[in-house]
>>> print(open('target-v8.pdb').read())   # PDB, C-alpha atoms
ATOM      1  CA  MET A   1      11.619  -2.787  11.376
ATOM      2  CA  ILE A   2      10.537  -1.984   7.832
ATOM      3  CA  ARG A   3      12.291  -2.633   4.536
ATOM      4  CA  VAL A   4      10.929  -1.713   1.110
ATOM      5  CA  GLN A   5      13.226  -3.133  -1.553
ATOM      6  CA  ALA A   6      13.432  -4.527  -5.050
ATOM      7  CA  GLY A   7      15.744  -7.388  -4.121
ATOM      8  CA  ASP A   8      14.794 -10.795  -2.744
ATOM      9  CA  PHE A   9      15.061 -11.757   0.907
ATOM     10  CA  ASP A  10      16.115 -14.936   2.714
ATOM     11  CA  ILE A  11      13.452 -15.961   5.243
ATOM     12  CA  GLY A  12      15.784 -18.107   7.356
ATOM     13  CA  ALA A  13      18.467 -15.431   7.520
ATOM     14  CA  GLU A  14      15.928 -12.811   8.589
ATOM     15  CA  ILE A  15      14.504 -14.988  11.377
ATOM     16  CA  THR A  16      17.992 -15.869  12.595
ATOM     17  CA  ARG A  17      18.970 -12.225  12.665
ATOM     18  CA  LEU A  18      15.802 -11.323  14.598
ATOM     19  CA  MET A  19      16.490 -13.951  17.264
ATOM     20  CA  ALA A  20      20.219 -13.378  17.583
ATOM     21  CA  ALA A  21      21.637 -12.679  21.018
ATOM     22  CA  ARG A  22      18.350 -12.753  22.888
ATOM     23  CA  THR A  23      16.565 -15.342  24.997
ATOM     24  CA  ASP A  24      13.343 -13.517  25.918
ATOM     25  CA  VAL A  25      11.487 -14.592  22.790
ATOM     26  CA  GLY A  26       9.201 -17.602  23.170
ATOM     27  CA  ALA A  27       7.333 -17.392  19.885
ATOM     28  CA  VAL A  28       8.283 -16.333  16.345
ATOM     29  CA  VAL A  29       5.593 -16.289  13.661
ATOM     30  CA  THR A  30       6.444 -15.812   9.995
ATOM     31  CA  PHE A  31       4.240 -15.054   7.005
ATOM     32  CA  THR A  32       5.505 -15.049   3.425
ATOM     33  CA  GLY A  33       3.446 -13.801   0.480
ATOM     34  CA  LEU A  34       4.396 -15.101  -2.954
ATOM     35  CA  VAL A  35       3.487 -14.493  -6.576
ATOM     36  CA  ARG A  36       1.039 -17.275  -7.419
ATOM     37  CA  ASP A  37       0.414 -18.502 -10.926
ATOM     38  CA  MET A  38      -3.180 -18.586 -12.113
ATOM     39  CA  ALA A  39      -4.874 -21.637 -13.548
ATOM     40  CA  ASP A  40      -6.896 -19.944 -16.289
ATOM     41  CA  ALA A  41      -4.284 -17.551 -17.700
ATOM     42  CA  PRO A  42      -0.649 -18.403 -16.894
ATOM     43  CA  LEU A  43       1.179 -15.473 -15.384
ATOM     44  CA  LYS A  44       4.289 -14.187 -17.159
ATOM     45  CA  ALA A  45       5.122 -11.624 -14.481
ATOM     46  CA  MET A  46       3.636  -9.479 -11.748
ATOM     47  CA  SER A  47       4.916  -5.938 -11.351
ATOM     48  CA  LEU A  48       4.532  -3.961  -8.153
ATOM     49  CA  GLU A  49       4.506  -0.176  -8.331
ATOM     50  CA  HIS A  50       4.825   1.791  -5.107
ATOM     51  CA  TYR A  51       4.825   5.331  -3.720
ATOM     52  CA  PRO A  52       8.378   5.908  -2.446
ATOM     53  CA  GLY A  53       8.254   7.680   0.891
ATOM     54  CA  MET A  54       4.677   6.768   1.660
ATOM     55  CA  THR A  55       5.363   3.014   1.525
ATOM     56  CA  GLU A  56       7.940   3.266   4.288
ATOM     57  CA  LYS A  57       5.808   5.687   6.260
ATOM     58  CA  SER A  58       2.687   3.540   5.960
ATOM     59  CA  LEU A  59       4.435   0.304   6.927
ATOM     60  CA  GLY A  60       6.113   2.099   9.842
ATOM     61  CA  GLU A  61       2.690   3.233  11.084
ATOM     62  CA  ILE A  62       1.257  -0.272  10.690
ATOM     63  CA  GLU A  63       4.162  -1.707  12.704
ATOM     64  CA  ALA A  64       3.729   0.968  15.393
ATOM     65  CA  GLU A  65       0.032   0.071  15.672
ATOM     66  CA  ALA A  66       0.874  -3.638  16.062
ATOM     67  CA  ARG A  67       3.436  -2.880  18.768
ATOM     68  CA  ALA A  68       0.885  -0.702  20.581
ATOM     69  CA  ARG A  69      -1.756  -3.464  20.532
ATOM     70  CA  TRP A  70       0.415  -6.523  21.324
ATOM     71  CA  PRO A  71       3.483  -7.158  23.488
ATOM     72  CA  LEU A  72       6.016  -7.765  20.726
ATOM     73  CA  GLN A  73       9.733  -8.207  21.322
ATOM     74  CA  ASP A  74      10.355  -7.574  17.654
ATOM     75  CA  CYS A  75       8.651  -7.131  14.322
ATOM     76  CA  LEU A  76       9.866  -7.155  10.732
ATOM     77  CA  ILE A  77       8.094  -6.300   7.480
ATOM     78  CA  ILE A  78       9.905  -6.620   4.147
ATOM     79  CA  HIS A  79       7.940  -5.704   1.003
ATOM     80  CA  ARG A  80       9.357  -5.917  -2.496
ATOM     81  CA  TYR A  81       8.540  -3.854  -5.552
ATOM     82  CA  GLY A  82       9.441  -4.245  -9.212
ATOM     83  CA  ARG A  83       8.880  -7.026 -11.723
ATOM     84  CA  LEU A  84       8.445 -10.443 -10.109
ATOM     85  CA  LYS A  85       7.848 -13.928 -11.521
ATOM     86  CA  PRO A  86       5.487 -16.705 -10.347
ATOM     87  CA  GLY A  87       6.949 -18.296  -7.246
ATOM     88  CA  ASP A  88       8.865 -15.170  -6.249
ATOM     89  CA  ARG A  89       8.611 -13.852  -2.695
ATOM     90  CA  ILE A  90       6.746 -10.533  -2.358
ATOM     91  CA  VAL A  91       6.340  -9.848   1.345
ATOM     92  CA  LEU A  92       7.668 -11.137   4.668
ATOM     93  CA  VAL A  93       6.137 -10.466   8.058
ATOM     94  CA  VAL A  94       7.862 -11.734  11.200
ATOM     95  CA  THR A  95       6.605 -11.174  14.732
ATOM     96  CA  ALA A  96       8.386 -12.202  17.907
ATOM     97  CA  SER A  97       6.813 -12.279  21.347
ATOM     98  CA  ALA A  98       7.102 -14.050  24.685
ATOM     99  CA  HIS A  99       3.966 -16.067  23.903
ATOM    100  CA  ARG A 100       2.311 -17.311  20.726
ATOM    101  CA  ASP A 101      -1.062 -15.509  20.939
ATOM    102  CA  ALA A 102       0.501 -12.082  20.396
ATOM    103  CA  ALA A 103       2.837 -13.343  17.666
ATOM    104  CA  PHE A 104       0.031 -15.011  15.671
ATOM    105  CA  GLU A 105      -2.497 -12.188  16.079
ATOM    106  CA  ALA A 106      -0.016  -9.415  15.318
ATOM    107  CA  ALA A 107       1.177 -11.186  12.169
ATOM    108  CA  ARG A 108      -2.426 -11.552  10.957
ATOM    109  CA  PHE A 109      -3.183  -7.932  11.800
ATOM    110  CA  LEU A 110      -0.071  -6.681   9.974
ATOM    111  CA  MET A 111      -1.006  -8.551   6.794
ATOM    112  CA  ASP A 112      -4.690  -7.513   6.896
ATOM    113  CA  TRP A 113      -3.796  -3.844   7.400
ATOM    114  CA  LEU A 114      -0.904  -3.860   4.958
ATOM    115  CA  LYS A 115      -3.235  -5.094   2.214
ATOM    116  CA  THR A 116      -5.544  -2.083   2.608
ATOM    117  CA  GLU A 117      -3.103   0.655   3.615
ATOM    118  CA  ALA A 118       0.348   0.164   2.052
ATOM    119  CA  PRO A 119       0.616   2.039  -1.270
ATOM    120  CA  PHE A 120       1.558  -0.715  -3.694
ATOM    121  CA  TRP A 121      -0.258  -1.572  -6.944
ATOM    122  CA  LYS A 122       0.034  -4.890  -8.767
ATOM    123  CA  ARG A 123       0.013  -5.333 -12.517
ATOM    124  CA  GLU A 124      -0.348  -8.823 -13.986
ATOM    125  CA  GLU A 125       1.168  -9.816 -17.325
ATOM    126  CA  THR A 126      -0.357 -12.798 -19.077
ATOM    127  CA  GLY A 127      -0.477 -13.969 -22.680
ATOM    128  CA  GLU A 128      -3.438 -11.632 -23.144
ATOM    129  CA  GLY A 129      -1.496  -8.509 -22.110
ATOM    130  CA  ALA A 130      -1.071  -6.571 -18.873
ATOM    131  CA  LYS A 131      -3.753  -5.423 -16.497
ATOM    132  CA  TRP A 132      -3.912  -3.776 -13.108
ATOM    133  CA  VAL A 133      -5.200  -5.974 -10.304
ATOM    134  CA  ASP A 134      -8.381  -4.731  -8.623
ATOM    135  CA  ALA A 135      -8.521  -4.445  -4.852
ATOM    136  CA  LYS A 136     -10.626  -7.183  -3.261
ATOM    137  CA  SER A 137     -13.574  -6.421  -1.009
ATOM    138  CA  SER A 138     -12.556  -9.392   1.146
ATOM    139  CA  ASP A 139      -9.315  -7.562   1.982
ATOM    140  CA  GLY A 140     -11.296  -4.501   3.034
ATOM    141  CA  GLU A 141     -13.523  -6.663   5.221
ATOM    142  CA  ALA A 142     -10.537  -8.415   6.784
ATOM    143  CA  ALA A 143      -9.029  -5.042   7.716
ATOM    144  CA  LEU A 144     -12.338  -3.836   9.153
ATOM    145  CA  LYS A 145     -12.431  -6.614  11.723
ATOM    146  CA  TRP A 146      -9.347  -5.076  13.370
ATOM    147  CA  LYS A 147     -10.930  -1.635  13.694
ATOM    148  CA  LYS A 148     -11.455  -0.717  17.311
ATOM    149  CA  GLY A 149     -15.048   0.044  18.213
ATOM    150  CA  PRO A 150     -16.196   2.300  21.066
ATOM    151  CA  ALA A 151     -14.758   1.067  24.375
TER
ATOM    152  CA  MET B   1       0.912  22.066  -4.947
ATOM    153  CA  LYS B   2       2.554  18.851  -6.081
ATOM    154  CA  LEU B   3       0.331  16.198  -7.645
ATOM    155  CA  LEU B   4       1.459  12.575  -7.949
ATOM    156  CA  TYR B   5      -0.395   9.903  -9.898
ATOM    157  CA  PHE B   6       0.034   6.128  -9.645
ATOM    158  CA  ALA B   7      -0.983   2.960 -11.508
ATOM    159  CA  TRP B   8      -3.823   3.344 -13.987
ATOM    160  CA  VAL B   9      -4.542   6.874 -12.767
ATOM    161  CA  ARG B  10      -1.071   7.797 -14.010
ATOM    162  CA  GLU B  11      -1.601   5.945 -17.272
ATOM    163  CA  LYS B  12      -4.926   7.608 -18.027
ATOM    164  CA  ILE B  13      -3.756  11.121 -17.103
ATOM    165  CA  GLY B  14      -0.536  10.569 -19.056
ATOM    166  CA  GLN B  15       2.006  11.731 -16.511
ATOM    167  CA  ALA B  16       3.399  10.684 -13.150
ATOM    168  CA  GLU B  17       3.505  14.092 -11.512
ATOM    169  CA  GLU B  18       2.904  17.801 -11.986
ATOM    170  CA  ASP B  19       3.004  21.062 -10.066
ATOM    171  CA  LEU B  20      -0.277  22.923 -10.157
ATOM    172  CA  GLU B  21      -1.727  26.086  -8.655
ATOM    173  CA  PRO B  22      -5.470  25.661  -8.316
ATOM    174  CA  PRO B  23      -7.474  28.787  -7.506
ATOM    175  CA  ALA B  24      -7.552  29.796  -3.836
ATOM    176  CA  ASN B  25     -11.152  28.662  -3.409
ATOM    177  CA  ILE B  26     -10.074  25.015  -3.918
ATOM    178  CA  ARG B  27      -9.676  24.003  -0.272
ATOM    179  CA  ARG B  28     -10.751  20.376  -0.076
ATOM    180  CA  VAL B  29      -9.750  17.133  -1.808
ATOM    181  CA  SER B  30     -13.214  16.774  -3.388
ATOM    182  CA  GLU B  31     -12.969  20.287  -4.840
ATOM    183  CA  LEU B  32      -9.507  19.530  -6.215
ATOM    184  CA  LEU B  33     -10.784  16.372  -7.934
ATOM    185  CA  ASP B  34     -13.679  18.336  -9.482
ATOM    186  CA  TRP B  35     -11.222  21.003 -10.679
ATOM    187  CA  LEU B  36      -8.877  18.368 -12.124
ATOM    188  CA  ARG B  37     -11.718  16.734 -14.055
ATOM    189  CA  GLU B  38     -12.232  20.034 -15.862
ATOM    190  CA  ARG B  39      -8.616  20.138 -17.045
ATOM    191  CA  GLY B  40      -9.194  17.675 -19.870
ATOM    192  CA  PRO B  41     -10.699  14.366 -21.022
ATOM    193  CA  GLN B  42      -7.771  12.334 -19.707
ATOM    194  CA  TYR B  43      -8.427  13.672 -16.202
ATOM    195  CA  ARG B  44     -12.149  13.131 -16.555
ATOM    196  CA  GLU B  45     -11.587   9.517 -17.558
ATOM    197  CA  ALA B  46      -9.020   8.836 -14.836
ATOM    198  CA  LEU B  47     -11.212  10.352 -12.111
ATOM    199  CA  ALA B  48     -14.599   9.263 -13.487
ATOM    200  CA  ASP B  49     -15.404   6.711 -10.795
ATOM    201  CA  ALA B  50     -14.938   8.259  -7.354
ATOM    202  CA  ALA B  51     -15.350   4.839  -5.752
ATOM    203  CA  ARG B  52     -12.131   3.689  -7.417
ATOM    204  CA  ILE B  53     -10.077   6.757  -6.463
ATOM    205  CA  ARG B  54      -8.049   7.167  -3.289
ATOM    206  CA  VAL B  55      -6.100  10.232  -2.184
ATOM    207  CA  ALA B  56      -3.151  10.819   0.134
ATOM    208  CA  VAL B  57      -2.095  14.262   1.357
ATOM    209  CA  ASN B  58       1.528  14.487   2.534
ATOM    210  CA  GLN B  59       1.681  10.695   2.462
ATOM    211  CA  GLU B  60      -1.341  10.084   4.693
ATOM    212  CA  HIS B  61      -4.601   8.547   3.434
ATOM    213  CA  VAL B  62      -7.415  11.115   3.586
ATOM    214  CA  LYS B  63     -11.134  11.330   2.892
ATOM    215  CA  ALA B  64     -12.777  13.507   0.255
ATOM    216  CA  ASP B  65     -13.526  16.335   2.689
ATOM    217  CA  ALA B  66      -9.882  16.713   3.840
ATOM    218  CA  MET B  67      -8.409  20.204   3.624
ATOM    219  CA  ILE B  68      -5.504  20.899   1.279
ATOM    220  CA  GLY B  69      -3.033  23.758   0.924
ATOM    221  CA  PRO B  70      -0.673  25.110  -1.741
ATOM    222  CA  ARG B  71       2.427  23.437  -0.266
ATOM    223  CA  ASP B  72       0.915  19.967   0.070
ATOM    224  CA  GLU B  73       1.966  16.813  -1.778
ATOM    225  CA  ILE B  74      -1.214  15.189  -3.061
ATOM    226  CA  ALA B  75      -1.224  11.686  -4.511
ATOM    227  CA  ILE B  76      -4.121  10.183  -6.429
ATOM    228  CA  PHE B  77      -4.280   6.429  -7.001
ATOM    229  CA  PRO B  78      -6.499   3.351  -7.193
ATOM    230  CA  PRO B  79      -7.287   1.268  -4.105
ATOM    231  CA  VAL B  80      -4.021  -0.360  -3.036
ATOM    232  CA  THR B  81      -3.179  -3.962  -3.888
ATOM    233  CA  GLY B  82       0.031  -4.727  -2.015
ATOM    234  CA  GLY B  83       0.882  -7.666   0.198
TER
END
>>> encode(input="target-v8.pdb", output="structure tokens")
Amino acid sequence: MIRVQAGDFDIGAEITRLMAARTDVGAVVTFTGLVRDMADAPLKAMSLEHYPGMTEKSLGEIEAEARARWPLQDCLIIHRYGRLKPGDRIVLVVTASAHRDAAFEAARFLMDWLKTEAPFWKREETGEGAKWVDAKSSDGEAALKWKKGPA
Amino acid sequence: MKLLYFAWVREKIGQAEEDLEPPANIRRVSELLDWLRERGPQYREALADAARIRVAVNQEHVKADAMIGPRDEIAIFPPVTGG
């Protein structure tokens, strides 16, 4: 399941909802991404712009790929947009499976792919003004390791 | 064809979206970008560094040689930084 929203989310409530009324889940893995302050130039705010329509489509495709690769009972991605403050939650990924290997690996995969595919753009506001964050080559490399080579 | 711009691409071009009708011989993304650069200095500046430009056609990421048509939605943006 995919949600793209401006509003905050409650991690505990989301996990509880995912696990409600089922007993076939043995492992639930959760990742939360937050707005982190920076040591050298304190952050006033981080704004996330997105491409409405493509964000949902892209995250839906990423989830479908994870479900195709791993035996997942359930999967949730929530990604916020708008103006956020240091300490605010940005993204939640939850994976549920019978066993922990699939839950851990799928959660890692979802985050690595999301960071190179999902159409969001971050803008940092500090005392020195606002600037767009540059994509990191390490994110591109992390996504590459999930690419399937020739069989 | 509908053009959408995001982040600093939008800022440099000066608008978030526009409807354009490139000549019929513009059939690929790379040709569209070349044609856009000729439209004015703000386009030239926004699209100066091809390595920092990404394109989606009908909400799917594409490469520079992808084909485009007059009814497509084409978005131009920097490398994504979500998550």
>>> interface_residues(input="target-v8.pdb", of="chain A", to="chain B", cutoff="12 Å", atoms="all atoms listed in the file", output="number ranges by chain")
A: 4, 31-35, 46-59, 61, 77-82, 89-93, 108, 110-124, 130-140
>>> resolve_selection(input="target-v8.pdb", expression="the PyMOL selection byres ((chain B and resi 18) around 8)", output="list in words")
Lys2, Leu3, Leu4, Gln15, Ala16, Glu17, Asp19 and Leu20 of chain B
>>> closest_residue(input="target-v8.pdb", among="A:Ala41, A:Ala98, A:Met1, A:Ala27", to="A:Ala66", atoms="all atoms listed in the file")
A:Met1
>>> axis_aligned_box(input="target-v8.pdb", around="stretch 5-11 of chain B", padding_each_side="4 Å", output="AutoDock Vina command-line options")
--center_x -2.3 --center_y 6.4 --center_z -13.5 --size_x 12.6 --size_y 14.9 --size_z 15.6
>>> atom_distance(input="target-v8.pdb", atom1="atom CA of A:Glu63", atom2="atom CA of A:Gln5")
17.0 Å
>>> resolve_selection(input="target-v8.pdb", expression="the PyMOL selection byres ((chain B and resi 32) around 12)", output="ChimeraX atom specification")
/B:1,3,20-31,33-39,43,47,55,57,64-70,74-76
>>> resolve_selection(input="target-v8.pdb", expression="the PyMOL selection byres ((chain A and resi 30) around 9)", output="PyMOL selection string")
chain A and resi 11+15+28-29+31-32+92-96+103-104+107
>>> atom_distance(input="target-v8.pdb", atom1="atom CA of A:Leu43", atom2="atom CA of A:Glu125")
6.0 Å
>>> residues_around(input="target-v8.pdb", residues="A:Glu14", least_positions_apart="5", cutoff="9 Å", atoms="all atoms listed in the file", output="PyMOL selection string")
chain A and resi 9+19+76+94
>>> build_atoms(input="target-v8.pdb", residues="stretch 65-96 of chain A", atoms="N, CA and C atoms", output="PDB file, in the frame of the given file")
ATOM      1  N   GLU A  65       1.356   0.461  15.174  1.00  0.00           N
ATOM      2  CA  GLU A  65       0.032   0.071  15.672  1.00  0.00           C
ATOM      3  C   GLU A  65       0.076  -1.339  16.247  1.00  0.00           C
ATOM      4  N   ALA A  66       0.765  -2.262  15.561  1.00  0.00           N
ATOM      5  CA  ALA A  66       0.874  -3.638  16.062  1.00  0.00           C
ATOM      6  C   ALA A  66       1.608  -3.654  17.406  1.00  0.00           C
ATOM      7  N   ARG A  67       2.671  -2.896  17.513  1.00  0.00           N
ATOM      8  CA  ARG A  67       3.436  -2.880  18.768  1.00  0.00           C
ATOM      9  C   ARG A  67       2.627  -2.254  19.892  1.00  0.00           C
ATOM     10  N   ALA A  68       1.733  -1.317  19.554  1.00  0.00           N
ATOM     11  CA  ALA A  68       0.885  -0.702  20.581  1.00  0.00           C
ATOM     12  C   ALA A  68      -0.182  -1.687  21.066  1.00  0.00           C
ATOM     13  N   ARG A  69      -0.652  -2.567  20.170  1.00  0.00           N
ATOM     14  CA  ARG A  69      -1.756  -3.464  20.532  1.00  0.00           C
ATOM     15  C   ARG A  69      -1.281  -4.768  21.189  1.00  0.00           C
ATOM     16  N   TRP A  70      -0.076  -5.243  20.819  1.00  0.00           N
ATOM     17  CA  TRP A  70       0.415  -6.523  21.324  1.00  0.00           C
ATOM     18  C   TRP A  70       1.803  -6.369  21.906  1.00  0.00           C
ATOM     19  N   PRO A  71       2.139  -7.202  22.898  1.00  0.00           N
ATOM     20  CA  PRO A  71       3.483  -7.158  23.488  1.00  0.00           C
ATOM     21  C   PRO A  71       4.480  -7.883  22.580  1.00  0.00           C
ATOM     22  N   LEU A  72       5.079  -7.166  21.667  1.00  0.00           N
ATOM     23  CA  LEU A  72       6.016  -7.765  20.726  1.00  0.00           C
ATOM     24  C   LEU A  72       7.448  -7.441  21.111  1.00  0.00           C
ATOM     25  N   GLN A  73       8.305  -8.461  21.093  1.00  0.00           N
ATOM     26  CA  GLN A  73       9.733  -8.207  21.322  1.00  0.00           C
ATOM     27  C   GLN A  73      10.334  -7.622  20.055  1.00  0.00           C
ATOM     28  N   ASP A  74       9.831  -8.088  18.916  1.00  0.00           N
ATOM     29  CA  ASP A  74      10.355  -7.574  17.654  1.00  0.00           C
ATOM     30  C   ASP A  74       9.361  -7.806  16.531  1.00  0.00           C
ATOM     31  N   CYS A  75       9.598  -7.120  15.419  1.00  0.00           N
ATOM     32  CA  CYS A  75       8.651  -7.131  14.322  1.00  0.00           C
ATOM     33  C   CYS A  75       9.428  -6.751  13.061  1.00  0.00           C
ATOM     34  N   LEU A  76       9.172  -7.457  11.983  1.00  0.00           N
ATOM     35  CA  LEU A  76       9.866  -7.155  10.732  1.00  0.00           C
ATOM     36  C   LEU A  76       8.872  -7.249   9.589  1.00  0.00           C
ATOM     37  N   ILE A  77       8.860  -6.231   8.729  1.00  0.00           N
ATOM     38  CA  ILE A  77       8.094  -6.300   7.480  1.00  0.00           C
ATOM     39  C   ILE A  77       9.063  -5.990   6.342  1.00  0.00           C
ATOM     40  N   ILE A  78       9.151  -6.890   5.375  1.00  0.00           N
ATOM     41  CA  ILE A  78       9.905  -6.620   4.147  1.00  0.00           C
ATOM     42  C   ILE A  78       8.912  -6.715   2.994  1.00  0.00           C
ATOM     43  N   HIS A  79       8.849  -5.690   2.155  1.00  0.00           N
ATOM     44  CA  HIS A  79       7.940  -5.704   1.003  1.00  0.00           C
ATOM     45  C   HIS A  79       8.731  -5.338  -0.240  1.00  0.00           C
ATOM     46  N   ARG A  80       8.630  -6.179  -1.258  1.00  0.00           N
ATOM     47  CA  ARG A  80       9.357  -5.917  -2.496  1.00  0.00           C
ATOM     48  C   ARG A  80       8.519  -5.110  -3.459  1.00  0.00           C
ATOM     49  N   TYR A  81       9.200  -4.489  -4.421  1.00  0.00           N
ATOM     50  CA  TYR A  81       8.540  -3.854  -5.552  1.00  0.00           C
ATOM     51  C   TYR A  81       9.322  -4.232  -6.801  1.00  0.00           C
ATOM     52  N   GLY A  82       8.752  -3.909  -7.960  1.00  0.00           N
ATOM     53  CA  GLY A  82       9.441  -4.245  -9.212  1.00  0.00           C
ATOM     54  C   GLY A  82       8.777  -5.416  -9.904  1.00  0.00           C
ATOM     55  N   ARG A  83       9.469  -5.976 -10.884  1.00  0.00           N
ATOM     56  CA  ARG A  83       8.880  -7.026 -11.723  1.00  0.00           C
ATOM     57  C   ARG A  83       9.252  -8.397 -11.169  1.00  0.00           C
ATOM     58  N   LEU A  84       8.235  -9.150 -10.748  1.00  0.00           N
ATOM     59  CA  LEU A  84       8.445 -10.443 -10.109  1.00  0.00           C
ATOM     60  C   LEU A  84       7.831 -11.553 -10.955  1.00  0.00           C
ATOM     61  N   LYS A  85       8.339 -12.780 -10.759  1.00  0.00           N
ATOM     62  CA  LYS A  85       7.848 -13.928 -11.521  1.00  0.00           C
ATOM     63  C   LYS A  85       7.044 -14.870 -10.612  1.00  0.00           C
ATOM     64  N   PRO A  86       6.219 -15.743 -11.180  1.00  0.00           N
ATOM     65  CA  PRO A  86       5.487 -16.705 -10.347  1.00  0.00           C
ATOM     66  C   PRO A  86       6.446 -17.481  -9.460  1.00  0.00           C
ATOM     67  N   GLY A  87       6.087 -17.615  -8.201  1.00  0.00           N
ATOM     68  CA  GLY A  87       6.949 -18.296  -7.246  1.00  0.00           C
ATOM     69  C   GLY A  87       7.863 -17.354  -6.486  1.00  0.00           C
ATOM     70  N   ASP A  88       8.006 -16.130  -6.949  1.00  0.00           N
ATOM     71  CA  ASP A  88       8.865 -15.170  -6.249  1.00  0.00           C
ATOM     72  C   ASP A  88       8.229 -14.731  -4.938  1.00  0.00           C
ATOM     73  N   ARG A  89       9.082 -14.388  -3.973  1.00  0.00           N
ATOM     74  CA  ARG A  89       8.611 -13.852  -2.695  1.00  0.00           C
ATOM     75  C   ARG A  89       8.288 -12.367  -2.864  1.00  0.00           C
ATOM     76  N   ILE A  90       7.143 -11.947  -2.290  1.00  0.00           N
ATOM     77  CA  ILE A  90       6.746 -10.533  -2.358  1.00  0.00           C
ATOM     78  C   ILE A  90       6.920  -9.859  -1.006  1.00  0.00           C
ATOM     79  N   VAL A  91       6.403 -10.503   0.042  1.00  0.00           N
ATOM     80  CA  VAL A  91       6.340  -9.848   1.345  1.00  0.00           C
ATOM     81  C   VAL A  91       6.667 -10.842   2.449  1.00  0.00           C
ATOM     82  N   LEU A  92       7.349 -10.344   3.475  1.00  0.00           N
ATOM     83  CA  LEU A  92       7.668 -11.137   4.668  1.00  0.00           C
ATOM     84  C   LEU A  92       7.210 -10.356   5.886  1.00  0.00           C
ATOM     85  N   VAL A  93       6.501 -11.057   6.770  1.00  0.00           N
ATOM     86  CA  VAL A  93       6.137 -10.466   8.058  1.00  0.00           C
ATOM     87  C   VAL A  93       6.636 -11.416   9.131  1.00  0.00           C
ATOM     88  N   VAL A  94       7.398 -10.914  10.084  1.00  0.00           N
ATOM     89  CA  VAL A  94       7.862 -11.734  11.200  1.00  0.00           C
ATOM     90  C   VAL A  94       7.499 -11.016  12.488  1.00  0.00           C
ATOM     91  N   THR A  95       6.907 -11.746  13.416  1.00  0.00           N
ATOM     92  CA  THR A  95       6.605 -11.174  14.732  1.00  0.00           C
ATOM     93  C   THR A  95       7.231 -12.069  15.801  1.00  0.00           C
ATOM     94  N   ALA A  96       7.761 -11.447  16.826  1.00  0.00           N
ATOM     95  CA  ALA A  96       8.386 -12.202  17.907  1.00  0.00           C
ATOM     96  C   ALA A  96       7.820 -11.706  19.228  1.00  0.00           C
TER      97      ALA A  96
END
